[in-house]
file protein34.txt (compact mmCIF, C-alpha atoms)
# COMPACT_ATOMS: atom_id res chain seq x y z
CA MET A 4 -88.31 101.71 63.04
CA LYS A 5 -86.36 99.15 65.06
CA LYS A 6 -82.60 99.19 65.05
CA LYS A 7 -81.00 95.92 64.09
CA LYS A 8 -78.30 94.69 66.42
CA VAL A 9 -75.18 93.14 64.99
CA LYS A 10 -74.57 89.82 66.71
CA ASP A 11 -71.88 88.30 64.51
CA LYS A 12 -68.77 87.33 66.39
CA ILE A 13 -65.44 86.42 64.89
CA LYS A 14 -64.49 82.81 65.49
CA ALA A 15 -61.49 80.74 64.59
CA VAL A 16 -62.14 77.25 63.30
CA GLY A 17 -59.11 75.02 63.27
CA ARG A 18 -58.63 71.64 61.66
CA VAL A 19 -55.56 69.67 62.64
CA THR A 20 -54.32 66.83 60.42
CA THR A 21 -51.33 64.83 61.57
CA THR A 22 -49.80 62.35 59.13
CA LEU A 23 -47.31 59.73 60.26
CA THR A 24 -45.19 58.51 57.34
CA ASN A 25 -42.96 55.46 57.63
CA VAL A 26 -39.64 56.44 56.03
CA LEU A 27 -38.86 52.77 55.24
CA THR A 28 -42.14 51.62 53.69
CA GLY A 29 -43.91 54.86 52.73
CA GLU A 30 -47.04 53.76 54.60
CA THR A 31 -49.05 56.55 56.21
CA ARG A 32 -51.42 56.92 59.14
CA VAL A 33 -53.61 60.03 59.44
CA LYS A 34 -55.06 61.51 62.64
CA LYS A 35 -57.52 64.42 62.59
CA SER A 36 -58.90 66.73 65.23
CA HIS A 37 -60.31 70.20 65.79
CA ASN A 38 -58.78 72.82 68.04
CA ILE A 39 -59.85 75.18 70.76
CA PRO A 40 -58.73 78.72 69.84
CA LEU A 41 -57.06 80.44 72.79
CA ASN A 42 -57.57 83.97 74.09
CA TYR A 43 -54.15 85.09 72.88
CA GLN A 44 -55.03 84.23 69.27
CA PHE A 45 -57.84 86.79 69.27
CA SER A 46 -55.68 89.33 71.10
CA ALA A 47 -52.96 88.98 68.43
CA LEU A 48 -55.53 89.23 65.61
CA SER A 49 -57.00 92.39 67.13
CA ARG A 50 -53.55 93.94 67.51
CA TRP A 51 -52.57 93.06 63.91
CA MET A 52 -55.82 94.56 62.60
CA ALA A 53 -55.14 97.71 64.61
CA GLY A 54 -51.89 98.07 62.69
CA GLU A 55 -49.49 97.08 65.42
CA ASN A 56 -46.10 96.00 64.16
CA ASN A 57 -45.48 92.36 63.29
CA GLU A 58 -41.73 92.88 62.96
CA GLY A 59 -38.86 94.36 64.94
CA TYR A 60 -39.00 95.59 68.52
CA ASN A 61 -42.06 94.52 70.51
CA ALA A 62 -43.41 92.55 67.55
CA ILE A 63 -46.56 90.44 67.64
CA PRO A 64 -45.26 87.14 66.26
CA PRO A 65 -47.54 84.70 64.39
CA PRO A 66 -47.88 81.06 65.44
CA SER A 67 -44.66 79.30 64.52
CA GLN A 68 -44.18 76.33 66.85
CA ILE A 69 -46.03 73.17 67.75
CA GLU A 70 -45.52 71.12 70.88
CA TYR A 71 -46.96 67.65 71.34
CA GLY A 72 -48.15 66.25 74.64
CA SER A 73 -49.28 63.08 76.34
CA GLY A 74 -51.66 64.59 78.88
CA SER A 75 -55.38 64.41 79.40
CA GLY A 76 -58.01 67.04 80.01
CA THR A 77 -60.28 69.43 78.21
CA PRO A 78 -58.63 72.36 76.42
CA ALA A 79 -59.74 75.80 77.62
CA VAL A 80 -59.29 79.27 76.11
CA THR A 81 -56.85 80.12 78.92
CA ASP A 82 -54.40 77.23 78.29
CA THR A 83 -50.72 78.15 78.23
CA GLY A 84 -49.26 74.86 77.00
CA PRO A 85 -49.95 71.16 76.59
CA PHE A 86 -51.19 69.36 79.71
CA THR A 87 -48.12 67.10 79.68
CA PRO A 88 -45.46 68.20 77.13
CA ILE A 89 -43.41 65.48 75.43
CA SER A 90 -39.73 66.24 75.93
CA GLY A 91 -38.01 67.25 72.68
CA SER A 92 -41.28 67.48 70.70
CA LEU A 93 -41.22 71.27 70.21
CA THR A 94 -41.04 71.76 66.43
CA ASN A 95 -40.57 74.99 64.51
CA LEU A 96 -42.75 75.93 61.55
CA SER A 97 -41.70 74.26 58.30
CA TYR A 98 -43.86 76.49 56.07
CA VAL A 99 -47.09 78.47 56.03
CA GLN A 100 -49.55 78.95 53.20
CA ALA A 101 -52.47 81.37 52.94
CA ASN A 102 -54.38 78.91 50.79
CA THR A 103 -57.66 80.82 50.65
CA PRO A 104 -57.04 84.38 51.83
CA ALA A 105 -60.48 85.51 50.64
CA SER A 106 -62.10 83.29 53.27
CA GLY A 107 -59.41 83.83 55.90
CA THR A 108 -57.82 80.37 55.84
CA THR A 109 -54.15 79.75 56.56
CA THR A 110 -52.34 76.42 56.91
CA PHE A 111 -49.30 76.03 59.16
CA THR A 112 -47.19 72.93 58.49
CA PHE A 113 -44.77 71.35 60.97
CA GLN A 114 -42.47 68.43 60.13
CA THR A 115 -40.85 66.40 62.91
CA PRO A 116 -38.23 63.84 61.79
CA ALA A 117 -38.55 60.15 62.52
CA GLY A 118 -37.32 59.06 65.93
CA VAL A 119 -37.92 62.39 67.71
CA ILE A 120 -41.34 61.43 69.12
CA THR A 121 -41.76 57.78 70.10
CA THR A 122 -44.19 58.06 73.03
CA GLN A 123 -47.98 58.25 73.03
CA VAL A 124 -49.37 61.55 71.68
CA THR A 125 -52.75 62.75 72.93
CA GLU A 126 -52.55 66.51 72.30
CA ALA A 127 -50.86 69.31 70.35
CA PHE A 128 -50.37 72.98 71.18
CA LEU A 129 -49.85 75.80 68.65
CA ARG A 130 -47.83 78.79 69.85
CA ASP A 131 -45.48 81.60 68.88
CA THR A 132 -41.76 81.77 69.66
CA SER A 133 -42.50 83.65 72.89
CA GLY A 134 -44.67 80.77 74.12
CA ASN A 135 -48.00 82.55 73.64
CA GLY A 136 -50.69 79.99 72.85
CA PHE A 137 -52.85 80.20 69.74
CA ALA A 138 -54.71 76.88 69.88
CA HIS A 139 -54.85 73.55 71.71
CA THR A 140 -56.18 70.24 70.41
CA MET A 141 -56.80 66.80 71.85
CA TYR A 142 -56.69 63.86 69.44
CA GLY A 143 -59.77 61.63 69.61
CA ALA A 144 -57.57 58.54 69.42
CA PRO A 145 -54.06 58.70 70.92
CA PHE A 146 -51.21 57.46 68.73
CA THR A 147 -47.59 56.46 69.18
CA PRO A 148 -45.16 57.23 66.34
CA SER A 149 -42.63 54.50 65.65
CA SER A 150 -38.93 55.37 65.44
CA SER A 151 -39.21 55.18 61.63
CA GLU A 152 -42.19 57.56 61.24
CA ASN A 153 -41.97 61.23 60.33
CA VAL A 154 -44.70 63.32 61.97
CA THR A 155 -46.21 66.05 59.77
CA THR A 156 -48.94 68.25 61.21
CA GLN A 157 -50.97 70.70 59.16
CA TRP A 158 -52.83 73.16 61.37
CA GLN A 159 -55.44 74.99 59.32
CA ILE A 160 -57.11 78.06 60.83
CA THR A 161 -60.10 79.82 59.26
CA TYR A 162 -61.49 83.07 60.63
CA GLY A 163 -65.15 83.71 60.08
CA THR A 164 -68.47 84.57 61.69

call {"tool": "encode", "arguments": {"input": "protein34.txt", "output": "structure tokens"}}
result
Amino acid sequence: MKKKKVKDKIKAVGRVTTTLTNVLTGETRVKKSHNIPLNYQFSALSRWMAGENNEGYNAIPPPSQIEYGSGSGTPAVTDTGPFTPISGSLTNLSYVQANTPASGTTTFTFQTPAGVITTQVTEAFLRDTSGNGFAHTMYGAPFTPSSSENVTTQWQITYGT
């Protein structure tokens, strides 16, 4: 009898939806992309599953910051930040929701007030407060927020095989 080999690998699928909302008119523009999960994301997941502490001394923090960039390139699993960070664009997590825990999906939401980012955005980088990268995305079509547009990004990550 042949032994069956297990070939399933855990992967992280990320969908990134950025909505620009004009605070004066209420009009919205939506930009979507997919991310490249970074090596640190799988390291953190492995450590959490092994029961390592997520609080206190030597904690393994979850993703909690986004930084936008205006660079170009192809994201790689070894990235440590955006190719060209936009000054002042680092935004802390607004809220997180485990919307479908049974399938391993979590949505991280970041809200940047109008006027903070007013230069062309080509990329976004998801990281923890220590700067460890979880994911990197390049937008298919660059966009430039106006000074009257809030920028809200929902970064949805689903773990699966």

call {"tool": "residues_around", "arguments": {"input": "protein34.txt", "residues": "A:Phe45", "least_positions_apart": "4", "cutoff": "9 Å", "atoms": "only C-alpha atoms", "output": "ChimeraX atom specification"}}
result
/A:13-15,40-41,49-50,137

call {"tool": "atom_distance", "arguments": {"input": "protein34.txt", "atom1": "atom CA of A:Gln114", "atom2": "atom CA of A:Gly136"}}
result
19.1 Å

call {"tool": "closest_residue", "arguments": {"input": "protein34.txt", "among": "A:Val124, A:Ala53, A:Ile89, A:Ile160", "to": "A:Phe111", "atoms": "only C-alpha atoms"}}
result
A:Ile160

call {"tool": "closest_residue", "arguments": {"input": "protein34.txt", "among": "A:Thr125, A:Thr110, A:Asn102, A:Asn25", "to": "A:Ser150", "atoms": "only C-alpha atoms"}}
result
A:Asn25

call {"tool": "closest_residue", "arguments": {"input": "protein34.txt", "among": "A:Gln68, A:Ser133, A:Thr140, A:Ser151", "to": "A:Phe86", "atoms": "all atoms listed in the file"}}
result
A:Thr140

call {"tool": "closest_residue", "arguments": {"input": "protein34.txt", "among": "A:Tyr71, A:Tyr142, A:Tyr162, A:Tyr43", "to": "A:Thr83", "atoms": "all atoms listed in the file"}}
result
A:Tyr43

call {"tool": "closest_residue", "arguments": {"input": "protein34.txt", "among": "A:Glu152, A:Asp131, A:Glu126, A:Glu55", "to": "A:Pro85", "atoms": "only C-alpha atoms"}}
result
A:Glu126

call {"tool": "atom_distance", "arguments": {"input": "protein34.txt", "atom1": "atom CA of A:Gln123", "atom2": "atom CA of A:Ser73"}}
result
6.0 Å

call {"tool": "residues_around", "arguments": {"input": "protein34.txt", "residues": "A:Thr122", "least_positions_apart": "6", "cutoff": "12 Å", "atoms": "all atoms listed in the file", "output": "PyMOL selection string"}}
result
chain A and resi 71-74+87-92+145-150+152

call {"tool": "atom_distance", "arguments": {"input": "protein34.txt", "atom1": "atom CA of A:Gln100", "atom2": "atom CA of A:Gln159"}}
result
9.4 Å

call {"tool": "residues_around", "arguments": {"input": "protein34.txt", "residues": "stretch 34-37 of chain A", "least_positions_apart": "5", "cutoff": "7 Å", "atoms": "all atoms listed in the file", "output": "CSV table (one decimal) with C-alpha atoms, in the frame of the given file"}}
result
chain,number,residue,atom,x,y,z
A,17,GLY,CA,-59.1,75.0,63.3
A,18,ARG,CA,-58.6,71.6,61.7
A,19,VAL,CA,-55.6,69.7,62.6
A,20,THR,CA,-54.3,66.8,60.4
A,21,THR,CA,-51.3,64.8,61.6
A,22,THR,CA,-49.8,62.4,59.1
A,140,THR,CA,-56.2,70.2,70.4
A,141,MET,CA,-56.8,66.8,71.8
A,142,TYR,CA,-56.7,63.9,69.4
A,143,GLY,CA,-59.8,61.6,69.6

call {"tool": "closest_residue", "arguments": {"input": "protein34.txt", "among": "A:Val154, A:Val99, A:Val80, A:Met52", "to": "A:His139", "atoms": "only C-alpha atoms"}}
result
A:Val80
